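Working notes for the structure below.
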Amino acid sequence: MTRRTAFFAATLFATLTSNAWGGDAGVSRAFDPNESWTSGAYYGSRGTYFADVTGDGRADAIVVNNDTVTVRRSTGSDFSDNEDWTHGPYYGSRGTYFADVDGDGGADAIVVNNDTVTVRLSTGSDFSGNEDWTRGAYYGSRGTYFADVTGDGRADAIVVNNDTVTVRRSTGSRFSGNEDWTGGAYYGSRGTYFADVTGDGRADAIVVNNDTVTVRRSTGSSFTGNEDWTSGAYFGSRGTYFADVTGDGRADAIVVNNDTVTVRRSTGSRFSGNEDWTGGAYYGSRGTYFADATGDRWADAIVVNDDRVTVRRSR
């Protein structure tokens with residue numbers, strides 16, 4: 001099976017889960033006990049990331065340092081040996097990202113600088129040469145993001161400014177012209193996010209404020225009107241995240257606090273009640289992440305500390 005075939009098969013499976021499986025509504029879930037996935041320290045001075053760069057459905061561990069980008073592949077039970085994927089420095093003055101912009105199933109390396117957005121495509125074993133995907137500057141004063149808002153399997157470039165949210169669609173080889181997707185300001189005082197909370201294959205726009213979490217659904221060409229998905233405040237003192245931890249194709253709302261990790265499942269139209277998924281503190285001194293490292297369709301809880309990377313599987 002080719003990487004592209006595998007990607008579209010996985011996408012189709014994820015799209016069908018809410019109908020074929022009926023989702024995980026009413027099923028008790030949690031994160032499993034700690035598993036050490038590295039035998040020592042693994043983090044980057046310029047960032048640590050988890051994304052599927054090999055196209056096998058498992059999120060790999062990526063660190064960015066001054067001299068190179070290093071990947072440790074996920075085997076499904078640990079992260080393997082270091083692999084140098086750039087053979088030299090590769091990071092952006094305004095941000096470094098990993099997302100599948102060409103639609104082949106492998107996350108690509110994206111850097112944002114003052115003058116352009118540059119992409120290095122993943123070959124499955126390294127990142128290829130520089131490609132300028134914009135002809136000039138493209139970044140947001142309130143954030144720059146890469147997520148598939150159109151539902152074609154390719155991550156698009158999204159910038160959030162004081163007056164609007166602008167999208168440049170990925171064509172597979174560049175980002176196209178500006179499109180205003182909100183017709184006015186849309187950002188959160190406690191964070192702005194893009195994730196598919198409705199399960200239709202398109203990333204939606206989510207803002208977290210002091211009083212509520214608000215969603216604007218993606219139509220594929222714009223974000224619709226505001227919908228309050230919580231009836232009150234919902235954010236974490238150590239982080240707020242949106243990832244599919246239940247495996248139904250919809251990103252759930254996750255908050256990390258000093259005492260626990262709490263999940264509110266997406267129903268497709270709101271986030272349901274609080275569920276304690278750890279029964280105690282779980283966060284990393286160098287970062288906390290939620291990504292599917294095991295390849296079972298459920299985002300796992302990953303923490304990076306000074307001495308190791310620890311994974312708690314979603315079950």
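Residue numbering restarts at 1 in every chain; chains get A, B, ... in the order shown in the structure tokens, and ligands count up from 1 in that same order.
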Task: Residue set, region 39-205 of chain A restricted to strand (DSSP E), as a count of residues only - done: 51
TODO: Would you kindly return, as a ChimeraX atom specification, each protein, DNA or RNA residue with an atom no farther than 12 Å from any atom of Ile254 (chain A), considering only C-alpha atoms and excluding same-chain residues fewer than 6 positions away?
DONE: /A:208,213,234-246,260-266,271-278,288-290,299-301
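Nearest residue to Asp152 (chain A), choosing from A:Ser170, A:Ser74, A:Ser176, A:Thr230 and counting only C-alpha atoms: A:Ser170.
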Could you list, with a cut-off of 10 Å and counting only C-alpha atoms, the residues of region 98-179 of chain A near region 85-89 of chain A, each shown with its nearest atom pair and the distance in Å rounded to one decimal, rows sorted by chain and ascending number, as a tab-separated table?
```
residue	atom	partner	partner_atom	distance
A:Ala109	CA	A:Thr86	CA	9.7
A:Arg120	CA	A:Thr86	CA	9.0
A:Ser122	CA	A:Trp85	CA	8.9
A:Thr123	CA	A:Trp85	CA	9.7
A:Gly124	CA	A:Trp85	CA	9.6
A:Ser125	CA	A:Trp85	CA	7.0
A:Asp126	CA	A:Trp85	CA	4.3
A:Phe127	CA	A:Trp85	CA	5.6
A:Ser128	CA	A:Thr86	CA	7.8
A:Gly129	CA	A:Thr86	CA	8.8
```
Name all residues at most 9 Å from Asp81 (chain A) (count only C-alpha atoms; drop same-chain ones fewer than 6 positions away) and give them as a short mmCIF file (atom, residue, chain, number, x, y, z; two decimals) with all heavy atoms, in the first residue's frame.
```cif
data_model
loop_
_atom_site.label_atom_id
_atom_site.label_comp_id
_atom_site.auth_asym_id
_atom_site.auth_seq_id
_atom_site.Cartn_x
_atom_site.Cartn_y
_atom_site.Cartn_z
N VAL A 71 14.49 13.46 14.13
CA VAL A 71 13.25 12.68 14.27
C VAL A 71 13.56 11.36 14.97
O VAL A 71 14.58 10.72 14.70
CB VAL A 71 12.63 12.40 12.88
CG1 VAL A 71 11.47 11.41 12.98
CG2 VAL A 71 12.16 13.70 12.23
N ARG A 72 12.66 11.00 15.88
CA ARG A 72 12.63 9.64 16.41
C ARG A 72 11.28 9.05 16.03
O ARG A 72 10.23 9.53 16.45
CB ARG A 72 12.82 9.62 17.93
CG ARG A 72 14.23 9.96 18.38
CD ARG A 72 14.44 9.63 19.85
NE ARG A 72 15.77 9.98 20.31
CZ ARG A 72 16.24 9.74 21.54
NH1 ARG A 72 15.47 9.14 22.44
NH2 ARG A 72 17.46 10.09 21.88
N ARG A 73 11.30 8.02 15.21
CA ARG A 73 10.07 7.40 14.74
C ARG A 73 9.34 6.69 15.88
O ARG A 73 9.98 6.08 16.74
CB ARG A 73 10.38 6.37 13.65
CG ARG A 73 11.09 6.91 12.44
CD ARG A 73 11.48 5.79 11.50
NE ARG A 73 12.30 6.28 10.40
CZ ARG A 73 11.96 6.24 9.12
NH1 ARG A 73 10.80 5.69 8.78
NH2 ARG A 73 12.76 6.71 8.20
#
```
- [ ] With a distance cut-off of 12 Å and only C-alpha atoms, select the neighbouring residues of Arg154 (chain A), excluding the residue or stretch itself and same-chain residues fewer than 4 positions from it, and output the selection as a PyMOL selection string.
- [x] chain A and resi 4+7-8+11+99-108+146-150+168-175+201-203
Next, the residues of the selection above should be written as a compact mmCIF listing (two decimals), in the first residue's frame with C-alpha atoms.
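Contents of the output file again19.txt:
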```txt
# COMPACT_ATOMS: atom_id res chain seq x y z
CA ARG A 4 -1.09 8.15 -0.26
CA PHE A 7 -3.61 8.14 4.11
CA PHE A 8 -6.92 8.19 2.25
CA THR A 11 -9.15 9.38 6.43
CA ALA A 99 1.66 19.52 9.14
CA ASP A 100 0.75 17.63 5.97
CA VAL A 101 0.47 20.41 3.39
CA ASP A 102 0.75 18.24 0.26
CA GLY A 103 -1.78 15.56 1.25
CA ASP A 104 0.42 12.47 1.04
CA GLY A 105 -0.06 11.45 4.68
CA GLY A 106 3.31 12.62 6.00
CA ALA A 107 3.66 15.84 7.98
CA ASP A 108 5.93 18.36 6.28
CA PHE A 146 -1.60 25.14 9.71
CA ALA A 147 -4.71 22.92 9.61
CA ASP A 148 -6.99 21.42 6.98
CA VAL A 149 -9.99 23.77 7.00
CA THR A 150 -11.18 22.81 3.50
CA ARG A 168 -4.60 30.60 2.19
CA ARG A 169 -5.54 27.21 0.79
CA SER A 170 -2.89 24.63 0.06
CA THR A 171 -2.80 23.57 -3.59
CA GLY A 172 -0.28 20.86 -2.77
CA SER A 173 2.61 22.97 -4.03
CA ARG A 174 1.92 26.46 -2.66
CA PHE A 175 -0.52 28.51 -0.59
CA GLY A 201 -13.04 16.32 8.04
CA ARG A 202 -12.64 20.10 8.21
CA ALA A 203 -10.85 21.94 11.02
```
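Considering the residues A:Thr134, A:Asn113, A:Thr267, A:Ser77 and counting only C-alpha atoms, Ser36 (chain A) has its shortest atom-to-atom contact with A:Ser77.
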